[in-house]
Amino acid sequence: MTKKAAIIGAGIGGIASAIRLAVKGYQVDVFEANAYPGGKLSTFDVQGESGTYRFDAGPSLFTLPQLVEELFQLAGENTSNHFEYVRLPEICRYFWDDQTRLTAWADTDAFAREVETQLGEPADRIRSFLADSAFKYEITDQLFLHNSLHKVSTWLSKKAMRGYLNLPKLGVFGTMNAANSRTFSNPKAVQLFNRYATYNGSDPYQTPALLNIIPHLEYNIGAFFPKKGMVSITNSLVALAQRLGVVFHYNTPVQEIVVENGKAVGVQVATGQLSCYSIVVSNMDVTPTYRRLMPTQRAPEQTLSQPRSSSGLIFYWGIRRQFPELDMHNIFFSNDYRTEFEHLFQRRDRIYEDPTSYINITSKTKPDDAPPGCENWFILLNAPANEGQDWDAIIAQTRQDVIRKLSHNLGVDVAPLIECEAILDPRTIEARTSSAQGALYGTASNNRFAAFMRHPNFSSKIKNLYFVGGSVHPGGGIPLCLLSAKIAVQLAANNQQ
């Protein structure tokens with residue numbers, strides 16, 4: 001009997017699930033509401049007076065490339081024949097309004113010396129912090145990221161025992177900001193490492209210090225860039241899936257997950273067609289999966305009611321000039337980080353008037369992403385999840401605030417250099433990617449129990465139903481979405497035996 005699997009959504013988690021299931025012998029159909037794959041990991045062009053600017057729509061940082069390589073290896077293919085990437089010599093350039101500037105070199109010794117020179121933090125303190133980040137990651141990686149937190153076997157493993165023995169060292173009981181404030185004497189160094197809370201849409205003043213594992217991914221393993229842009233992650237994996245026989249159905253939203261006698265048995269698409277499957281995997285945000293696709297099934301209300309992660313406001317600007325002081329990744333810090341996060345998670349009313357501004361410029365490494373002499377600026381501002389705020393007013397005000405901040409730091413009026421523009425806000429993120437309230441990472445990790453409150457990669461009530469993507473365990477971002485697929489497919493394979 002042919003084993004058949006339906007994947008709802010062609011985000012990176014759905015694509016990876018399709019590859020893993022196809023390798024295991026499943027006949028796989030992927031249903032995607034949009035006309036293109038990738039979800040947030042997609043691309044588009046904007047036409048300016050100087051020519052065409054290409055933008056990666058969403059994720060701009062590539063870490064843990066081995067998780068992509070693993071998918072090609074499972075299929076018996078050589079990654080380099082289909083997907084190429086480079087390790088960046090610089091991770092990020094940091095700017096403060098008092099003209100302090102710092103380059104985060106990929107070489108950890110060079111980075112440590114740079115922090116000592118620019119911020120006065122002893123280089124050995126930086127090295128020690130990064131070594132501790134590596135230690136925390138080593139302890140938690142296989143336990144929390146590669147396995148389900150919702151299976152007893154995970155907690156009885158040898159890896160779990162090691163985690164229990166080192167629990168006081170993992171930073172579970174204190175906040176990231178408190179830990180970093182004890183470690184560093186310069187508030188700018190604290191701010192620099194606090195920013196890693198935003199990698200899963202959380203607040204450094206609330207999230208556990210355990211999230212200090214994140215710098216390890218960049219400094220000890222590396223920050224990378226695909227030679228054909230971030231979208232080539234999507235394109236190369238879709239092509240791999242198709243070589244394995246996976247069929248992608250675009251412009252085909254799923255209307256219902258069909259459940260009979262406590263078991264997912266198929267999906268019904270917008271045309272009314274009903275198809276039967278051995279298993280169903282939802283790459284849609286878990287909240288609309290329950291609310292829209294299974295409205296008659298009992299939903300896990302406590303899980304769905306968890307506070308949402310931050311969203312984002314993105315300006316895509318074609319800039320008719322090049323700035324040698326900028327690199328691919330750039331951060332312009334707010335002067336009041338705590339107040340900025342209060343607006344994100346407590347007030348949830350607007351974007352703070354002095355917003356931390358991240359600029360990604362892929363044309364620094366991939367010159368054909370912008371016309372000659374120009375740059376493609378992807379400007380991301382952390383934004384509260386959509387709760388009906390007046391986004392038109394927020395966008396207009398924030399645009400002025402960002403231009404003022406960047407102009408001050410760069411010593412030139414940025415406004416007349418913008419020759420074309422596109423905008424993505426929490427409303428359009430929600431509409432295009434089915435992310436509840438436009439949250440980029442599902443639920444926030446703003447308490448020590450947040451990881452356990454994420455929805456598991458399987459349904460405890462409905463057999464043969466699995467979940468992948470940024471709204472479920474282990475979390476948001478490309479690496480964690482890829483790992484969610486690994487966990488879900490392994491669970492499915494075990495249950496089908």
# chains A, B, ... in the order shown; residues from 1 in each chain; ligands from 1
>>> residues_around(residues="stretch 270-281 of chain A", least_positions_apart="6", cutoff="9 Å", atoms="only C-alpha atoms", output="MDAnalysis selection string")
chainID A and resid 2:9 14 17 252:258 264 458 463:468 488:489 492 496
>>> residues_around(residues="stretch 431-439 of chain A", least_positions_apart="3", cutoff="6 Å", atoms="only C-alpha atoms", output="PDB file with C-alpha atoms, in the first residue's frame")
ATOM      1  CA  GLY A  39       6.790  31.595   2.908  1.00  0.00           C
ATOM      2  CA  ASP A 285       1.009  28.582  12.150  1.00  0.00           C
ATOM      3  CA  SER A 309       6.525  36.961  19.677  1.00  0.00           C
ATOM      4  CA  SER A 310       7.435  40.290  18.165  1.00  0.00           C
ATOM      5  CA  SER A 311       6.595  41.005  14.564  1.00  0.00           C
ATOM      6  CA  ALA A 385       2.366  41.677  17.085  1.00  0.00           C
ATOM      7  CA  ASN A 386      -0.741  42.911  15.303  1.00  0.00           C
ATOM      8  CA  PRO A 426       2.563  42.883  10.695  1.00  0.00           C
ATOM      9  CA  THR A 428       0.789  41.833   5.513  1.00  0.00           C
ATOM     10  CA  GLY A 442       4.990  32.095  16.991  1.00  0.00           C
TER      11      GLY A 442
END
>>> closest_residue(among="A:Ile462, A:Ala393, A:Ala299, A:Leu71", to="A:Lys263", atoms="only C-alpha atoms")
A:Ile462
>>> closest_residue(among="A:Ser60, A:Asp29, A:Lys364, A:Ser42", to="A:Gly266", atoms="only C-alpha atoms")
A:Asp29
>>> select_by_dssp(residues="stretch 313-417 of chain A", states="helix (DSSP H, G or I)", output="JSON, numbers by chain")
{"A": [337, 338, 339, 340, 341, 342, 343, 344, 345, 346, 347, 362, 363, 364, 367, 368, 369, 391, 392, 393, 394, 395, 396, 397, 398, 399, 400, 401, 402, 403, 404, 405, 406, 407, 408, 409, 410, 415, 416, 417]}
>>> closest_atom_pairs(of="stretch 197-298 of chain A", to="stretch 359-362 of chain A", cutoff="12 Å", atoms="only C-alpha atoms", output="CSV")
residue,atom,partner,partner_atom,distance
A:Phe224,CA,A:Thr362,CA,11.8
A:Phe225,CA,A:Thr362,CA,8.8
A:Pro226,CA,A:Thr362,CA,10.1
A:Lys227,CA,A:Thr362,CA,10.0
A:Lys228,CA,A:Thr362,CA,10.0
A:Gly229,CA,A:Thr362,CA,7.5
A:Met230,CA,A:Thr362,CA,9.2
A:Val231,CA,A:Thr362,CA,11.7
>>> write_last_selection(atoms="C-alpha atoms", output="PDB file, in the first residue's frame")
ATOM      1  CA  PHE A 224      27.016  32.414   6.145  1.00  0.00           C
ATOM      2  CA  PHE A 225      25.441  33.685   2.936  1.00  0.00           C
ATOM      3  CA  PRO A 226      24.152  31.611   0.000  1.00  0.00           C
ATOM      4  CA  LYS A 227      25.877  32.695  -3.208  1.00  0.00           C
ATOM      5  CA  LYS A 228      22.524  33.117  -4.989  1.00  0.00           C
ATOM      6  CA  GLY A 229      20.785  34.851  -2.092  1.00  0.00           C
ATOM      7  CA  MET A 230      18.770  33.557   0.848  1.00  0.00           C
ATOM      8  CA  VAL A 231      15.965  32.490  -1.482  1.00  0.00           C
TER       9      VAL A 231
END
>>> closest_atom_pairs(of="stretch 309-417 of chain A", to="stretch 56-59 of chain A", cutoff="9 Å", atoms="only C-alpha atoms", output="CSV")
residue,atom,partner,partner_atom,distance
A:Ile314,CA,A:Gly58,CA,8.9
A:Tyr316,CA,A:Ala57,CA,8.7
A:Thr362,CA,A:Asp56,CA,8.5
A:Phe378,CA,A:Asp56,CA,8.2
>>> residues_around(residues="A:Arg93", least_positions_apart="6", cutoff="8 Å", atoms="only C-alpha atoms", output="list in words")
Arg101, Leu102, Thr103, Ala104, Leu326, Asp327, His329, Asn330 and Ile331 of chain A
>>> atom_distance(atom1="atom CA of A:Gly201", atom2="atom CA of A:Leu217")
16.7 Å
>>> atom_distance(atom1="atom CA of A:Ala179", atom2="atom CA of A:Leu440")
25.4 Å
>>> select_by_dssp(residues="stretch 244-486 of chain A", states="strand (DSSP E or B)", output="VMD selection string")
chain A and resid 247 to 249 254 to 260 263 to 269 274 to 276 279 to 282 308 311 to 319 329 to 332 357 to 360 375 to 383 418 to 424 443 455 458 463 465 to 467 472
>>> atom_distance(atom1="atom CA of A:Ile91", atom2="atom CA of A:Ala383")
23.3 Å
>>> residues_around(residues="A:Pro89", least_positions_apart="5", cutoff="8 Å", atoms="only C-alpha atoms", output="list in words")
Trp105, Ala106 and Asp107 of chain A
>>> closest_residue(among="A:Asn194, A:Asn376, A:Gln118, A:Thr100", to="A:Arg320", atoms="only C-alpha atoms")
A:Asn376
>>> closest_residue(among="A:Asn251, A:Gln27, A:Gln297, A:Asn212", to="A:Asp132", atoms="only C-alpha atoms")
A:Asn212
>>> residues_around(residues="A:Gly245", least_positions_apart="4", cutoff="9 Å", atoms="only C-alpha atoms", output="compact mmCIF listing (two decimals) with C-alpha atoms, in the first residue's frame")
# COMPACT_ATOMS: atom_id res chain seq x y z
CA ALA A 22 9.94 11.30 0.30
CA GLN A 27 4.22 9.97 -1.94
CA VAL A 28 4.10 13.62 -0.92
CA LEU A 240 15.55 18.55 -4.45
CA ALA A 241 12.04 17.67 -3.29
>>> closest_residue(among="A:Ile429, A:Ala110, A:Leu381, A:Met328", to="A:Glu340", atoms="only C-alpha atoms")
A:Leu381
>>> decode(residues="stretch 67-173 of chain A", atoms="C-alpha atoms", output="JSON list (two decimals), in the first residue's frame")
[["chain", "number", "residue", "atom", "x", "y", "z"],
["A", 67, "LEU", "CA", 21.07, 21.34, 8.47],
["A", 68, "VAL", "CA", 20.52, 22.16, 4.78],
["A", 69, "GLU", "CA", 23.38, 19.90, 3.72],
["A", 70, "GLU", "CA", 21.84, 17.06, 5.70],
["A", 71, "LEU", "CA", 18.77, 17.09, 3.45],
["A", 72, "PHE", "CA", 20.88, 16.65, 0.32],
["A", 73, "GLN", "CA", 22.88, 13.90, 2.01],
["A", 74, "LEU", "CA", 19.69, 12.04, 2.96],
["A", 75, "ALA", "CA", 18.76, 12.05, -0.73],
["A", 76, "GLY", "CA", 22.21, 10.80, -1.71],
["A", 77, "GLU", "CA", 23.21, 14.05, -3.42],
["A", 78, "ASN", "CA", 26.22, 16.33, -3.22],
["A", 79, "THR", "CA", 25.16, 19.67, -1.77],
["A", 80, "SER", "CA", 27.73, 21.71, -3.68],
["A", 81, "ASN", "CA", 26.26, 20.55, -6.98],
["A", 82, "HIS", "CA", 23.02, 22.37, -6.16],
["A", 83, "PHE", "CA", 23.61, 24.87, -3.35],
["A", 84, "GLU", "CA", 26.66, 26.99, -2.52],
["A", 85, "TYR", "CA", 27.34, 29.38, 0.32],
["A", 86, "VAL", "CA", 30.23, 31.34, 1.81],
["A", 87, "ARG", "CA", 31.28, 32.06, 5.39],
["A", 88, "LEU", "CA", 31.20, 35.80, 6.06],
["A", 89, "PRO", "CA", 34.41, 37.41, 7.38],
["A", 90, "GLU", "CA", 32.28, 39.94, 9.27],
["A", 91, "ILE", "CA", 29.18, 39.04, 11.25],
["A", 92, "CYS", "CA", 27.82, 42.55, 11.82],
["A", 93, "ARG", "CA", 28.75, 46.19, 12.13],
["A", 94, "TYR", "CA", 27.35, 48.05, 15.13],
["A", 95, "PHE", "CA", 26.59, 51.76, 15.38],
["A", 96, "TRP", "CA", 25.59, 53.95, 18.32],
["A", 97, "ASP", "CA", 24.39, 57.54, 18.12],
["A", 98, "ASP", "CA", 27.47, 58.82, 20.00],
["A", 99, "GLN", "CA", 29.53, 57.68, 16.99],
["A", 100, "THR", "CA", 30.85, 54.54, 18.70],
["A", 101, "ARG", "CA", 31.30, 51.87, 16.04],
["A", 102, "LEU", "CA", 32.28, 48.23, 16.33],
["A", 103, "THR", "CA", 32.89, 45.46, 13.82],
["A", 104, "ALA", "CA", 31.96, 41.94, 14.92],
["A", 105, "TRP", "CA", 34.60, 39.89, 13.14],
["A", 106, "ALA", "CA", 33.94, 36.24, 12.43],
["A", 107, "ASP", "CA", 37.32, 35.43, 13.96],
["A", 108, "THR", "CA", 36.56, 35.30, 17.69],
["A", 109, "ASP", "CA", 39.99, 36.56, 18.77],
["A", 110, "ALA", "CA", 39.73, 39.52, 16.42],
["A", 111, "PHE", "CA", 36.21, 40.20, 17.70],
["A", 112, "ALA", "CA", 37.36, 40.02, 21.33],
["A", 113, "ARG", "CA", 40.17, 42.50, 20.63],
["A", 114, "GLU", "CA", 37.74, 44.80, 18.80],
["A", 115, "VAL", "CA", 35.36, 44.86, 21.78],
["A", 116, "GLU", "CA", 38.27, 45.58, 24.11],
["A", 117, "THR", "CA", 39.44, 48.45, 21.89],
["A", 118, "GLN", "CA", 36.04, 50.02, 21.24],
["A", 119, "LEU", "CA", 34.15, 49.28, 24.46],
["A", 120, "GLY", "CA", 36.84, 48.63, 27.03],
["A", 121, "GLU", "CA", 35.67, 45.11, 27.84],
["A", 122, "PRO", "CA", 38.65, 42.79, 28.41],
["A", 123, "ALA", "CA", 39.15, 40.48, 25.45],
["A", 124, "ASP", "CA", 39.38, 37.46, 27.76],
["A", 125, "ARG", "CA", 35.92, 38.26, 29.06],
["A", 126, "ILE", "CA", 34.51, 38.06, 25.53],
["A", 127, "ARG", "CA", 36.32, 34.78, 24.87],
["A", 128, "SER", "CA", 35.00, 33.37, 28.15],
["A", 129, "PHE", "CA", 31.45, 34.44, 27.32],
["A", 130, "LEU", "CA", 31.59, 32.76, 23.91],
["A", 131, "ALA", "CA", 33.08, 29.61, 25.43],
["A", 132, "ASP", "CA", 30.21, 29.53, 27.92],
["A", 133, "SER", "CA", 27.74, 30.04, 25.06],
["A", 134, "ALA", "CA", 29.26, 27.00, 23.35],
["A", 135, "PHE", "CA", 29.02, 24.98, 26.56],
["A", 136, "LYS", "CA", 25.33, 25.82, 27.00],
["A", 137, "TYR", "CA", 24.64, 24.94, 23.38],
["A", 138, "GLU", "CA", 26.44, 21.61, 23.63],
["A", 139, "ILE", "CA", 24.38, 20.66, 26.69],
["A", 140, "THR", "CA", 21.02, 21.67, 25.24],
["A", 141, "ASP", "CA", 21.37, 21.07, 21.48],
["A", 142, "GLN", "CA", 20.57, 17.37, 21.25],
["A", 143, "LEU", "CA", 18.19, 17.49, 24.20],
["A", 144, "PHE", "CA", 16.02, 20.50, 23.34],
["A", 145, "LEU", "CA", 16.53, 21.09, 19.62],
["A", 146, "HIS", "CA", 16.78, 17.64, 18.03],
["A", 147, "ASN", "CA", 14.12, 15.84, 20.06],
["A", 148, "SER", "CA", 10.55, 16.37, 21.17],
["A", 149, "LEU", "CA", 10.15, 17.98, 24.58],
["A", 150, "HIS", "CA", 6.80, 16.23, 24.82],
["A", 151, "LYS", "CA", 8.01, 12.63, 24.91],
["A", 152, "VAL", "CA", 9.02, 10.92, 28.16],
["A", 153, "SER", "CA", 11.93, 9.20, 26.41],
["A", 154, "THR", "CA", 13.60, 12.59, 25.87],
["A", 155, "TRP", "CA", 13.73, 13.27, 29.60],
["A", 156, "LEU", "CA", 15.08, 9.82, 30.49],
["A", 157, "SER", "CA", 18.01, 9.92, 28.09],
["A", 158, "LYS", "CA", 21.68, 10.27, 29.01],
["A", 159, "LYS", "CA", 21.68, 13.71, 27.40],
["A", 160, "ALA", "CA", 18.86, 14.76, 29.73],
["A", 161, "MET", "CA", 20.79, 13.55, 32.77],
["A", 162, "ARG", "CA", 23.75, 15.69, 31.75],
["A", 163, "GLY", "CA", 21.39, 18.62, 31.41],
["A", 164, "TYR", "CA", 20.00, 18.06, 34.91],
["A", 165, "LEU", "CA", 23.51, 17.97, 36.39],
["A", 166, "ASN", "CA", 24.38, 21.29, 34.73],
["A", 167, "LEU", "CA", 21.03, 23.01, 35.26],
["A", 168, "PRO", "CA", 22.39, 25.80, 37.52],
["A", 169, "LYS", "CA", 24.92, 26.72, 34.80],
["A", 170, "LEU", "CA", 22.40, 26.97, 31.97],
["A", 171, "GLY", "CA", 20.78, 30.27, 32.95],
["A", 172, "VAL", "CA", 17.25, 28.91, 33.20],
["A", 173, "PHE", "CA", 16.33, 30.85, 36.32]]
